[in-house]
file my_file-v1.txt (compact mmCIF, N, CA and C atoms)
# COMPACT_ATOMS: atom_id res chain seq x y z
N MET A 1 240.73 88.01 120.18
CA MET A 1 241.40 87.85 121.46
C MET A 1 241.84 86.39 121.59
N PRO A 2 243.12 86.13 121.84
CA PRO A 2 243.59 84.75 121.98
C PRO A 2 243.10 84.12 123.28
N ALA A 3 242.91 82.82 123.22
CA ALA A 3 242.46 82.08 124.40
C ALA A 3 243.56 82.07 125.46
N ARG A 4 243.16 82.10 126.71
CA ARG A 4 244.14 82.01 127.81
C ARG A 4 244.78 80.63 127.79
N ARG A 5 246.06 80.58 128.07
CA ARG A 5 246.79 79.31 128.02
C ARG A 5 247.24 78.87 129.41
N ASP A 6 246.59 79.36 130.45
CA ASP A 6 247.01 78.98 131.80
C ASP A 6 245.89 78.26 132.56
N GLY A 7 244.94 77.73 131.84
CA GLY A 7 243.81 77.06 132.46
C GLY A 7 244.13 75.63 132.85
N LEU A 8 243.18 75.00 133.50
CA LEU A 8 243.36 73.63 133.99
C LEU A 8 243.67 72.66 132.86
N LEU A 9 242.97 72.79 131.74
CA LEU A 9 243.20 71.87 130.62
C LEU A 9 244.65 71.94 130.15
N GLU A 10 245.19 73.15 130.05
CA GLU A 10 246.58 73.30 129.62
C GLU A 10 247.53 72.69 130.65
N LYS A 11 247.21 72.83 131.91
CA LYS A 11 248.07 72.25 132.96
C LYS A 11 248.01 70.73 132.93
N VAL A 12 246.84 70.19 132.67
CA VAL A 12 246.71 68.73 132.55
C VAL A 12 247.51 68.26 131.34
N ALA A 13 247.37 68.95 130.22
CA ALA A 13 248.11 68.57 129.01
C ALA A 13 249.61 68.66 129.26
N GLU A 14 250.05 69.68 129.96
CA GLU A 14 251.48 69.80 130.29
C GLU A 14 251.93 68.61 131.12
N GLY A 15 251.12 68.19 132.07
CA GLY A 15 251.45 67.02 132.88
C GLY A 15 251.57 65.76 132.04
N LEU A 16 250.70 65.63 131.04
CA LEU A 16 250.77 64.45 130.17
C LEU A 16 252.05 64.46 129.33
N ARG A 17 252.53 65.64 128.98
CA ARG A 17 253.77 65.72 128.20
C ARG A 17 254.99 65.38 129.05
N HIS A 18 254.86 65.48 130.36
CA HIS A 18 256.00 65.27 131.26
C HIS A 18 256.12 63.86 131.77
N GLY A 19 255.46 62.94 131.19
CA GLY A 19 255.59 61.62 131.78
C GLY A 19 254.97 60.53 130.96
N ASP A 20 254.92 59.43 131.57
CA ASP A 20 254.40 58.22 130.98
C ASP A 20 252.88 58.28 131.01
N ILE A 21 252.29 58.49 129.85
CA ILE A 21 250.84 58.64 129.77
C ILE A 21 250.14 57.37 130.26
N GLU A 22 250.69 56.22 129.93
CA GLU A 22 250.08 54.96 130.36
C GLU A 22 250.08 54.86 131.89
N ALA A 23 251.17 55.26 132.52
CA ALA A 23 251.23 55.24 133.99
C ALA A 23 250.20 56.19 134.58
N GLN A 24 250.05 57.36 133.98
CA GLN A 24 249.07 58.31 134.49
C GLN A 24 247.65 57.76 134.34
N LEU A 25 247.35 57.18 133.20
CA LEU A 25 246.01 56.62 133.01
C LEU A 25 245.77 55.44 133.95
N SER A 26 246.79 54.64 134.18
CA SER A 26 246.67 53.51 135.10
C SER A 26 246.37 54.00 136.52
N TRP A 27 247.11 54.99 136.97
CA TRP A 27 246.89 55.52 138.33
C TRP A 27 245.56 56.26 138.44
N LEU A 28 245.14 56.94 137.38
CA LEU A 28 243.82 57.57 137.41
C LEU A 28 242.73 56.51 137.50
N SER A 29 242.89 55.42 136.77
CA SER A 29 241.92 54.32 136.86
C SER A 29 241.90 53.73 138.25
N TRP A 30 243.08 53.59 138.87
CA TRP A 30 243.18 53.08 140.24
C TRP A 30 242.43 53.99 141.19
N GLN A 31 242.58 55.29 141.02
CA GLN A 31 241.88 56.24 141.89
C GLN A 31 240.37 56.18 141.69
N VAL A 32 239.94 56.18 140.44
CA VAL A 32 238.51 56.22 140.13
C VAL A 32 237.81 54.93 140.51
N ALA A 33 238.47 53.79 140.30
CA ALA A 33 237.82 52.50 140.53
C ALA A 33 238.09 51.93 141.92
N GLY A 34 239.12 52.41 142.59
CA GLY A 34 239.48 51.81 143.88
C GLY A 34 239.58 52.80 145.02
N TYR A 35 240.58 53.64 144.97
CA TYR A 35 240.90 54.51 146.10
C TYR A 35 239.73 55.41 146.49
N GLY A 36 239.20 56.14 145.53
CA GLY A 36 238.08 57.03 145.84
C GLY A 36 236.85 56.31 146.37
N PRO A 37 236.36 55.30 145.66
CA PRO A 37 235.18 54.60 146.15
C PRO A 37 235.38 53.89 147.49
N MET A 38 236.52 53.28 147.70
CA MET A 38 236.74 52.56 148.96
C MET A 38 236.87 53.54 150.13
N MET A 39 237.55 54.66 149.90
CA MET A 39 237.64 55.66 150.96
C MET A 39 236.25 56.23 151.25
N GLY A 40 235.46 56.41 150.21
CA GLY A 40 234.09 56.89 150.40
C GLY A 40 233.23 55.91 151.18
N GLN A 41 233.36 54.63 150.87
CA GLN A 41 232.61 53.62 151.61
C GLN A 41 233.07 53.56 153.07
N ALA A 42 234.38 53.68 153.29
CA ALA A 42 234.89 53.68 154.66
C ALA A 42 234.32 54.87 155.44
N ALA A 43 234.28 56.03 154.80
CA ALA A 43 233.70 57.20 155.47
C ALA A 43 232.23 56.95 155.79
N TYR A 44 231.51 56.37 154.86
CA TYR A 44 230.09 56.11 155.10
C TYR A 44 229.90 55.17 156.29
N PHE A 45 230.60 54.03 156.28
CA PHE A 45 230.38 53.05 157.34
C PHE A 45 230.97 53.50 158.68
N ASN A 46 231.97 54.36 158.66
CA ASN A 46 232.55 54.86 159.91
C ASN A 46 231.83 56.09 160.46
N ARG A 47 231.09 56.82 159.61
CA ARG A 47 230.55 58.09 160.06
C ARG A 47 229.05 58.28 159.86
N TYR A 48 228.45 57.62 158.89
CA TYR A 48 227.10 58.02 158.50
C TYR A 48 226.01 56.98 158.66
N THR A 49 226.33 55.73 158.89
CA THR A 49 225.26 54.73 158.99
C THR A 49 224.38 55.04 160.20
N PRO A 50 223.07 54.90 160.05
CA PRO A 50 222.17 55.18 161.18
C PRO A 50 222.44 54.24 162.37
N GLU A 51 222.83 53.02 162.06
CA GLU A 51 223.19 52.04 163.09
C GLU A 51 224.56 51.48 162.72
N PRO A 52 225.38 51.14 163.70
CA PRO A 52 226.70 50.58 163.39
C PRO A 52 226.59 49.31 162.54
N VAL A 53 227.47 49.22 161.56
CA VAL A 53 227.57 48.02 160.72
C VAL A 53 229.03 47.58 160.80
N PRO A 54 229.38 46.81 161.83
CA PRO A 54 230.79 46.49 162.07
C PRO A 54 231.50 45.86 160.88
N PHE A 55 230.85 44.94 160.18
CA PHE A 55 231.52 44.32 159.04
C PHE A 55 231.80 45.34 157.94
N GLY A 56 230.85 46.20 157.63
CA GLY A 56 231.05 47.23 156.61
C GLY A 56 232.18 48.16 156.98
N SER A 57 232.18 48.58 158.23
CA SER A 57 233.25 49.47 158.70
C SER A 57 234.61 48.79 158.58
N TRP A 58 234.68 47.55 159.05
CA TRP A 58 235.96 46.82 158.98
C TRP A 58 236.38 46.61 157.53
N ARG A 59 235.46 46.15 156.70
CA ARG A 59 235.78 45.80 155.31
C ARG A 59 236.34 46.99 154.54
N TYR A 60 235.66 48.12 154.60
CA TYR A 60 236.08 49.26 153.78
C TYR A 60 237.26 50.00 154.39
N THR A 61 237.37 50.00 155.70
CA THR A 61 238.56 50.59 156.32
C THR A 61 239.78 49.76 156.01
N ALA A 62 239.65 48.43 156.07
CA ALA A 62 240.78 47.54 155.74
C ALA A 62 241.18 47.71 154.28
N GLU A 63 240.23 47.81 153.38
CA GLU A 63 240.56 48.00 151.97
C GLU A 63 241.19 49.37 151.74
N SER A 64 240.73 50.39 152.44
CA SER A 64 241.34 51.72 152.33
C SER A 64 242.78 51.68 152.82
N ARG A 65 243.03 50.96 153.90
CA ARG A 65 244.42 50.81 154.37
C ARG A 65 245.27 50.08 153.33
N ARG A 66 244.72 49.01 152.75
CA ARG A 66 245.47 48.27 151.73
C ARG A 66 245.81 49.18 150.55
N LEU A 67 244.87 49.97 150.11
CA LEU A 67 245.12 50.87 148.99
C LEU A 67 246.14 51.95 149.36
N ASN A 68 246.13 52.40 150.60
CA ASN A 68 247.16 53.34 151.04
C ASN A 68 248.53 52.67 151.09
N GLN A 69 248.57 51.37 151.37
CA GLN A 69 249.84 50.64 151.30
C GLN A 69 250.36 50.59 149.87
N VAL A 70 249.46 50.37 148.92
CA VAL A 70 249.84 50.39 147.50
C VAL A 70 250.41 51.75 147.13
N LEU A 71 249.71 52.81 147.52
CA LEU A 71 250.17 54.17 147.24
C LEU A 71 251.49 54.46 147.94
N ASP A 72 251.62 54.02 149.17
CA ASP A 72 252.86 54.24 149.92
C ASP A 72 254.05 53.56 149.24
N LYS A 73 253.83 52.35 148.74
CA LYS A 73 254.89 51.64 148.03
C LYS A 73 255.30 52.40 146.77
N GLN A 74 254.32 52.88 146.01
CA GLN A 74 254.61 53.64 144.80
C GLN A 74 255.41 54.91 145.13
N LEU A 75 255.00 55.60 146.18
CA LEU A 75 255.66 56.85 146.54
C LEU A 75 257.02 56.62 147.19
N SER A 76 257.35 55.39 147.52
CA SER A 76 258.68 55.09 148.05
C SER A 76 259.75 55.15 146.96
N THR A 77 259.32 55.09 145.70
CA THR A 77 260.28 55.09 144.59
C THR A 77 260.02 56.22 143.59
N SER A 78 259.09 57.11 143.90
CA SER A 78 258.69 58.13 142.95
C SER A 78 258.36 59.42 143.70
N LEU A 79 258.78 60.55 143.16
CA LEU A 79 258.48 61.83 143.80
C LEU A 79 256.98 62.13 143.82
N PHE A 80 256.33 61.77 142.73
CA PHE A 80 254.90 61.96 142.61
C PHE A 80 254.29 60.62 142.21
N VAL A 81 252.99 60.51 142.21
CA VAL A 81 252.36 59.21 142.03
C VAL A 81 252.74 58.57 140.69
N ALA A 82 252.72 59.34 139.61
CA ALA A 82 252.98 58.76 138.29
C ALA A 82 254.36 59.09 137.74
N GLY A 83 255.28 59.49 138.60
CA GLY A 83 256.62 59.79 138.12
C GLY A 83 257.28 60.93 138.86
N ASP A 84 258.14 61.63 138.14
CA ASP A 84 258.95 62.69 138.75
C ASP A 84 258.33 64.08 138.67
N HIS A 85 257.14 64.18 138.09
CA HIS A 85 256.48 65.47 137.93
C HIS A 85 255.07 65.41 138.48
N LEU A 86 254.61 66.53 139.02
CA LEU A 86 253.23 66.66 139.45
C LEU A 86 252.32 66.53 138.23
N THR A 87 251.30 65.69 138.34
CA THR A 87 250.35 65.51 137.24
C THR A 87 248.92 65.51 137.78
N ILE A 88 247.99 65.38 136.89
CA ILE A 88 246.57 65.30 137.27
C ILE A 88 246.33 64.13 138.22
N VAL A 89 247.17 63.11 138.15
CA VAL A 89 247.03 61.96 139.04
C VAL A 89 247.17 62.40 140.49
N ASP A 90 248.17 63.20 140.78
CA ASP A 90 248.38 63.68 142.14
C ASP A 90 247.19 64.51 142.61
N ILE A 91 246.66 65.33 141.73
CA ILE A 91 245.52 66.17 142.08
C ILE A 91 244.30 65.30 142.39
N ALA A 92 244.07 64.27 141.57
CA ALA A 92 242.91 63.40 141.76
C ALA A 92 242.99 62.60 143.05
N ILE A 93 244.19 62.19 143.43
CA ILE A 93 244.36 61.35 144.62
C ILE A 93 244.48 62.17 145.90
N PHE A 94 245.02 63.38 145.78
CA PHE A 94 245.32 64.20 146.95
C PHE A 94 244.15 64.37 147.91
N VAL A 95 242.98 64.70 147.40
CA VAL A 95 241.86 65.02 148.30
C VAL A 95 241.47 63.83 149.16
N PHE A 96 241.65 62.61 148.64
CA PHE A 96 241.35 61.44 149.45
C PHE A 96 242.42 61.22 150.52
N ALA A 97 243.67 61.45 150.17
CA ALA A 97 244.74 61.37 151.16
C ALA A 97 244.56 62.47 152.22
N HIS A 98 243.98 63.57 151.80
CA HIS A 98 243.73 64.69 152.72
C HIS A 98 242.57 64.37 153.67
N SER A 99 241.84 63.30 153.39
CA SER A 99 240.65 62.94 154.16
C SER A 99 240.79 61.60 154.88
N THR A 100 241.99 61.10 155.05
CA THR A 100 242.15 59.74 155.57
C THR A 100 241.51 59.56 156.95
N LYS A 101 241.68 60.51 157.82
CA LYS A 101 241.12 60.35 159.17
C LYS A 101 239.60 60.30 159.11
N TRP A 102 239.00 61.08 158.23
CA TRP A 102 237.56 61.07 158.05
C TRP A 102 237.08 59.67 157.67
N CYS A 103 237.96 58.93 156.98
CA CYS A 103 237.62 57.58 156.50
C CYS A 103 238.06 56.49 157.48
N GLY A 104 238.60 56.86 158.62
CA GLY A 104 239.01 55.88 159.61
C GLY A 104 240.41 55.35 159.41
N VAL A 105 241.23 56.04 158.63
CA VAL A 105 242.60 55.62 158.34
C VAL A 105 243.57 56.66 158.89
N ASP A 106 244.64 56.19 159.51
CA ASP A 106 245.68 57.09 160.04
C ASP A 106 246.77 57.25 158.99
N ILE A 107 246.88 58.43 158.40
CA ILE A 107 247.88 58.67 157.35
C ILE A 107 249.30 58.44 157.86
N ASN A 108 249.51 58.57 159.15
CA ASN A 108 250.85 58.37 159.71
C ASN A 108 251.33 56.93 159.58
N GLU A 109 250.43 55.98 159.32
CA GLU A 109 250.82 54.59 159.06
C GLU A 109 251.53 54.44 157.72
N PHE A 110 251.44 55.48 156.88
CA PHE A 110 251.96 55.42 155.52
C PHE A 110 252.90 56.61 155.30
N PRO A 111 254.15 56.48 155.73
CA PRO A 111 255.06 57.64 155.75
C PRO A 111 255.29 58.28 154.39
N ASN A 112 255.30 57.51 153.33
CA ASN A 112 255.51 58.11 152.01
C ASN A 112 254.28 58.86 151.53
N VAL A 113 253.10 58.33 151.85
CA VAL A 113 251.86 59.05 151.52
C VAL A 113 251.81 60.33 152.33
N LYS A 114 252.16 60.25 153.59
CA LYS A 114 252.15 61.45 154.46
C LYS A 114 253.09 62.52 153.94
N ALA A 115 254.32 62.12 153.58
CA ALA A 115 255.29 63.09 153.08
C ALA A 115 254.82 63.72 151.77
N TRP A 116 254.28 62.90 150.87
CA TRP A 116 253.76 63.40 149.59
C TRP A 116 252.59 64.35 149.84
N HIS A 117 251.66 63.93 150.70
CA HIS A 117 250.51 64.77 151.04
C HIS A 117 250.96 66.11 151.60
N ASP A 118 251.88 66.06 152.56
CA ASP A 118 252.33 67.30 153.20
C ASP A 118 253.04 68.22 152.21
N LYS A 119 253.81 67.63 151.29
CA LYS A 119 254.50 68.41 150.26
C LYS A 119 253.47 69.13 149.37
N LEU A 120 252.44 68.41 148.96
CA LEU A 120 251.42 69.03 148.11
C LEU A 120 250.59 70.05 148.89
N ALA A 121 250.29 69.75 150.12
CA ALA A 121 249.46 70.65 150.94
C ALA A 121 250.14 72.00 151.18
N GLN A 122 251.45 72.06 151.02
CA GLN A 122 252.18 73.32 151.18
C GLN A 122 252.12 74.19 149.93
N ARG A 123 251.71 73.62 148.83
CA ARG A 123 251.67 74.38 147.58
C ARG A 123 250.49 75.34 147.59
N PRO A 124 250.71 76.60 147.22
CA PRO A 124 249.63 77.59 147.24
C PRO A 124 248.39 77.17 146.44
N ALA A 125 248.57 76.53 145.30
CA ALA A 125 247.40 76.15 144.50
C ALA A 125 246.56 75.09 145.21
N PHE A 126 247.20 74.17 145.92
CA PHE A 126 246.44 73.16 146.67
C PHE A 126 245.73 73.83 147.85
N GLN A 127 246.40 74.74 148.53
CA GLN A 127 245.78 75.46 149.64
C GLN A 127 244.56 76.24 149.14
N LYS A 128 244.72 76.90 148.01
CA LYS A 128 243.59 77.66 147.45
C LYS A 128 242.46 76.72 147.05
N GLY A 129 242.80 75.60 146.42
CA GLY A 129 241.79 74.64 145.98
C GLY A 129 240.96 74.09 147.13
N LEU A 130 241.58 73.94 148.30
CA LEU A 130 240.85 73.43 149.46
C LEU A 130 239.91 74.46 150.07
N GLN A 131 239.93 75.67 149.54
CA GLN A 131 239.04 76.72 150.03
C GLN A 131 237.90 77.03 149.07
N VAL A 132 237.88 76.38 147.91
CA VAL A 132 236.92 76.71 146.86
C VAL A 132 235.96 75.54 146.65
N PRO A 133 234.67 75.75 146.59
CA PRO A 133 233.97 77.02 146.75
C PRO A 133 233.79 77.41 148.22
N VAL A 134 233.98 76.44 149.13
CA VAL A 134 233.97 76.70 150.57
C VAL A 134 235.12 75.90 151.16
N PRO A 135 235.54 76.22 152.38
CA PRO A 135 236.61 75.41 152.98
C PRO A 135 236.26 73.93 153.01
N TYR A 136 237.21 73.10 152.62
CA TYR A 136 237.01 71.65 152.55
C TYR A 136 236.69 71.10 153.94
N PRO A 137 235.52 70.46 154.12
CA PRO A 137 235.09 70.08 155.46
C PRO A 137 235.57 68.72 155.97
N PHE A 138 236.27 67.94 155.15
CA PHE A 138 236.59 66.56 155.53
C PHE A 138 238.07 66.32 155.77
N SER A 139 238.82 67.35 156.06
CA SER A 139 240.25 67.20 156.30
C SER A 139 240.50 66.53 157.65
N ASP A 140 241.72 66.02 157.83
CA ASP A 140 242.07 65.43 159.11
C ASP A 140 241.91 66.44 160.24
N GLU A 141 242.25 67.70 159.97
CA GLU A 141 242.10 68.73 160.99
C GLU A 141 240.64 68.92 161.39
N ALA A 142 239.73 68.89 160.42
CA ALA A 142 238.30 69.03 160.71
C ALA A 142 237.82 67.87 161.57
N VAL A 143 238.29 66.66 161.28
CA VAL A 143 237.90 65.48 162.05
C VAL A 143 238.42 65.59 163.47
N SER A 144 239.67 66.03 163.61
CA SER A 144 240.24 66.19 164.95
C SER A 144 239.43 67.15 165.79
N ASN A 145 238.94 68.22 165.15
CA ASN A 145 238.12 69.18 165.87
C ASN A 145 236.77 68.58 166.26
N LEU A 146 236.21 67.71 165.42
CA LEU A 146 234.94 67.05 165.74
C LEU A 146 235.09 66.01 166.82
N ASP A 147 236.18 65.23 166.71
CA ASP A 147 236.37 64.11 167.63
C ASP A 147 236.94 64.54 168.99
N GLY A 148 237.33 65.80 169.06
CA GLY A 148 237.84 66.33 170.34
C GLY A 148 239.21 65.88 170.56

call {"tool": "encode", "arguments": {"input": "my_file-v1.txt", "output": "structure tokens"}}
result
Amino acid sequence: MPARRDGLLEKVAEGLRHGDIEAQLSWLSWQVAGYGPMMGQAAYFNRYTPEPVPFGSWRYTAESRRLNQVLDKQLSTSLFVAGDHLTIVDIAIFVFAHSTKWCGVDINEFPNVKAWHDKLAQRPAFQKGLQVPVPYPFSDEAVSNLDG
């Protein structure tokens, strides 16, 4: 029986064939070393500390905003983060952009990030992914419901 050729690995490989591999690796490194951790720290200091830590909240929220400015600038000249095609880079970054309010950042401050996010959020595979294994609990909509 031949192996299925429609799995995630094949889709990632297809994305690598459609673009600048160095750009994709650079943006993945940016996400892993900067965007993800800083957004996570912002969420922690804005939502989870037992006592308020104003400097921590300010520091990580400001850095998250700066990183969203970097992403916004990139998306001002590119359909997707690493070029003209959807790649693993977009998938890796999307969930953090989908959680900006949870991290104390207003995605509306970054119109290109917002447009890119909204475009991806309309795709059936992204909608399905946000439901597996359970509905994603940190979306802007979830925060709006918590914050009233």

call {"tool": "closest_atom_pairs", "arguments": {"input": "my_file-v1.txt", "of": "region 91-124 of chain A", "to": "region 37-58 of chain A", "cutoff": "6 Å", "atoms": "all atoms listed in the file", "output": "Markdown table"}}
result
| residue | atom | partner | partner_atom | distance |
| --- | --- | --- | --- | --- |
| A:Trp102 | C | A:Ala43 | CA | 4.7 |
| A:Cys103 | CA | A:Ala43 | N | 4.1 |
| A:Gly104 | N | A:Ala42 | C | 5.7 |

call {"tool": "atom_distance", "arguments": {"input": "my_file-v1.txt", "atom1": "atom N of Phe110 (chain A)", "atom2": "atom C of Glu22 (chain A)"}}
result
25.0 Å

call {"tool": "closest_residue", "arguments": {"input": "my_file-v1.txt", "among": "A:Phe94, A:Asn108, A:Tyr60, A:Trp30", "to": "Leu120 (chain A)", "atoms": "all atoms listed in the file"}}
result
A:Phe94

call {"tool": "select_by_dssp", "arguments": {"input": "my_file-v1.txt", "residues": "region 13-107 of chain A", "states": "alpha helix (DSSP H)", "output": "JSON, numbers by chain"}}
result
{"A": [13, 14, 15, 16, 17, 21, 22, 23, 24, 25, 26, 27, 28, 29, 30, 36, 37, 38, 39, 40, 41, 42, 43, 54, 55, 56, 57, 58, 59, 60, 61, 62, 63, 64, 65, 66, 67, 68, 69, 70, 71, 72, 73, 74, 75, 88, 89, 90, 91, 92, 93, 94, 95, 96, 97]}

call {"tool": "residues_around", "arguments": {"input": "my_file-v1.txt", "residues": "Ala97 (chain A)", "least_positions_apart": "2", "cutoff": "8 Å", "atoms": "only C-alpha atoms", "output": "list in words"}}
result
Ile93, Phe94, Val95, Ser99, Thr100, Ile107, Val113 and His117 of chain A

call {"tool": "write_last_selection", "arguments": {"input": "my_file-v1.txt", "atoms": "N, CA and C atoms", "output": "short mmCIF file (atom, residue, chain, number, x, y, z; two decimals), in the frame of the given file"}}
result
data_model
loop_
_atom_site.label_atom_id
_atom_site.label_comp_id
_atom_site.auth_asym_id
_atom_site.auth_seq_id
_atom_site.Cartn_x
_atom_site.Cartn_y
_atom_site.Cartn_z
N ILE A 93 244.19 62.19 143.43
CA ILE A 93 244.36 61.35 144.62
C ILE A 93 244.48 62.17 145.90
N PHE A 94 245.02 63.38 145.78
CA PHE A 94 245.32 64.20 146.95
C PHE A 94 244.15 64.37 147.91
N VAL A 95 242.98 64.70 147.40
CA VAL A 95 241.86 65.02 148.30
C VAL A 95 241.47 63.83 149.16
N SER A 99 241.84 63.30 153.39
CA SER A 99 240.65 62.94 154.16
C SER A 99 240.79 61.60 154.88
N THR A 100 241.99 61.10 155.05
CA THR A 100 242.15 59.74 155.57
C THR A 100 241.51 59.56 156.95
N ILE A 107 246.88 58.43 158.40
CA ILE A 107 247.88 58.67 157.35
C ILE A 107 249.30 58.44 157.86
N VAL A 113 253.10 58.33 151.85
CA VAL A 113 251.86 59.05 151.52
C VAL A 113 251.81 60.33 152.33
N HIS A 117 251.66 63.93 150.70
CA HIS A 117 250.51 64.77 151.04
C HIS A 117 250.96 66.11 151.60
#

call {"tool": "closest_residue", "arguments": {"input": "my_file-v1.txt", "among": "A:Ser139, A:Arg66, A:Val89, A:Pro111", "to": "Trp27 (chain A)", "atoms": "only N, CA and C atoms"}}
result
A:Val89

call {"tool": "residues_around", "arguments": {"input": "my_file-v1.txt", "residues": "Ala92 (chain A)", "least_positions_apart": "3", "cutoff": "8 Å", "atoms": "all atoms listed in the file", "output": "number ranges by chain"}}
result
A: 28, 31-32, 36, 87-89, 95-97

call {"tool": "write_last_selection", "arguments": {"input": "my_file-v1.txt", "atoms": "N, CA and C atoms", "output": "mmCIF file, in the frame of the given file"}}
result
data_model
loop_
_atom_site.group_PDB
_atom_site.id
_atom_site.type_symbol
_atom_site.label_atom_id
_atom_site.label_comp_id
_atom_site.auth_asym_id
_atom_site.auth_seq_id
_atom_site.Cartn_x
_atom_site.Cartn_y
_atom_site.Cartn_z
ATOM 1 N N LEU A 28 245.140 56.940 137.380
ATOM 2 C CA LEU A 28 243.820 57.570 137.410
ATOM 3 C C LEU A 28 242.730 56.510 137.500
ATOM 4 N N GLN A 31 242.580 55.290 141.020
ATOM 5 C CA GLN A 31 241.880 56.240 141.890
ATOM 6 C C GLN A 31 240.370 56.180 141.690
ATOM 7 N N VAL A 32 239.940 56.180 140.440
ATOM 8 C CA VAL A 32 238.510 56.220 140.130
ATOM 9 C C VAL A 32 237.810 54.930 140.510
ATOM 10 N N GLY A 36 239.200 56.140 145.530
ATOM 11 C CA GLY A 36 238.080 57.030 145.840
ATOM 12 C C GLY A 36 236.850 56.310 146.370
ATOM 13 N N THR A 87 251.300 65.690 138.340
ATOM 14 C CA THR A 87 250.350 65.510 137.240
ATOM 15 C C THR A 87 248.920 65.510 137.780
ATOM 16 N N ILE A 88 247.990 65.380 136.890
ATOM 17 C CA ILE A 88 246.570 65.300 137.270
ATOM 18 C C ILE A 88 246.330 64.130 138.220
ATOM 19 N N VAL A 89 247.170 63.110 138.150
ATOM 20 C CA VAL A 89 247.030 61.960 139.040
ATOM 21 C C VAL A 89 247.170 62.400 140.490
ATOM 22 N N VAL A 95 242.980 64.700 147.400
ATOM 23 C CA VAL A 95 241.860 65.020 148.300
ATOM 24 C C VAL A 95 241.470 63.830 149.160
ATOM 25 N N PHE A 96 241.650 62.610 148.640
ATOM 26 C CA PHE A 96 241.350 61.440 149.450
ATOM 27 C C PHE A 96 242.420 61.220 150.520
ATOM 28 N N ALA A 97 243.670 61.450 150.170
ATOM 29 C CA ALA A 97 244.740 61.370 151.160
ATOM 30 C C ALA A 97 244.560 62.470 152.220
#

call {"tool": "atom_distance", "arguments": {"input": "my_file-v1.txt", "atom1": "atom N of Lys114 (chain A)", "atom2": "CA of Asp72 (chain A)"}}
result
7.1 Å

call {"tool": "atom_distance", "arguments": {"input": "my_file-v1.txt", "atom1": "CA of Leu67 (chain A)", "atom2": "CA of Pro137 (chain A)"}}
result
22.6 Å

call {"tool": "closest_residue", "arguments": {"input": "my_file-v1.txt", "among": "A:Thr77, A:His85, A:Trp116, A:Lys101", "to": "Phe138 (chain A)", "atoms": "only N, CA and C atoms"}}
result
A:Lys101
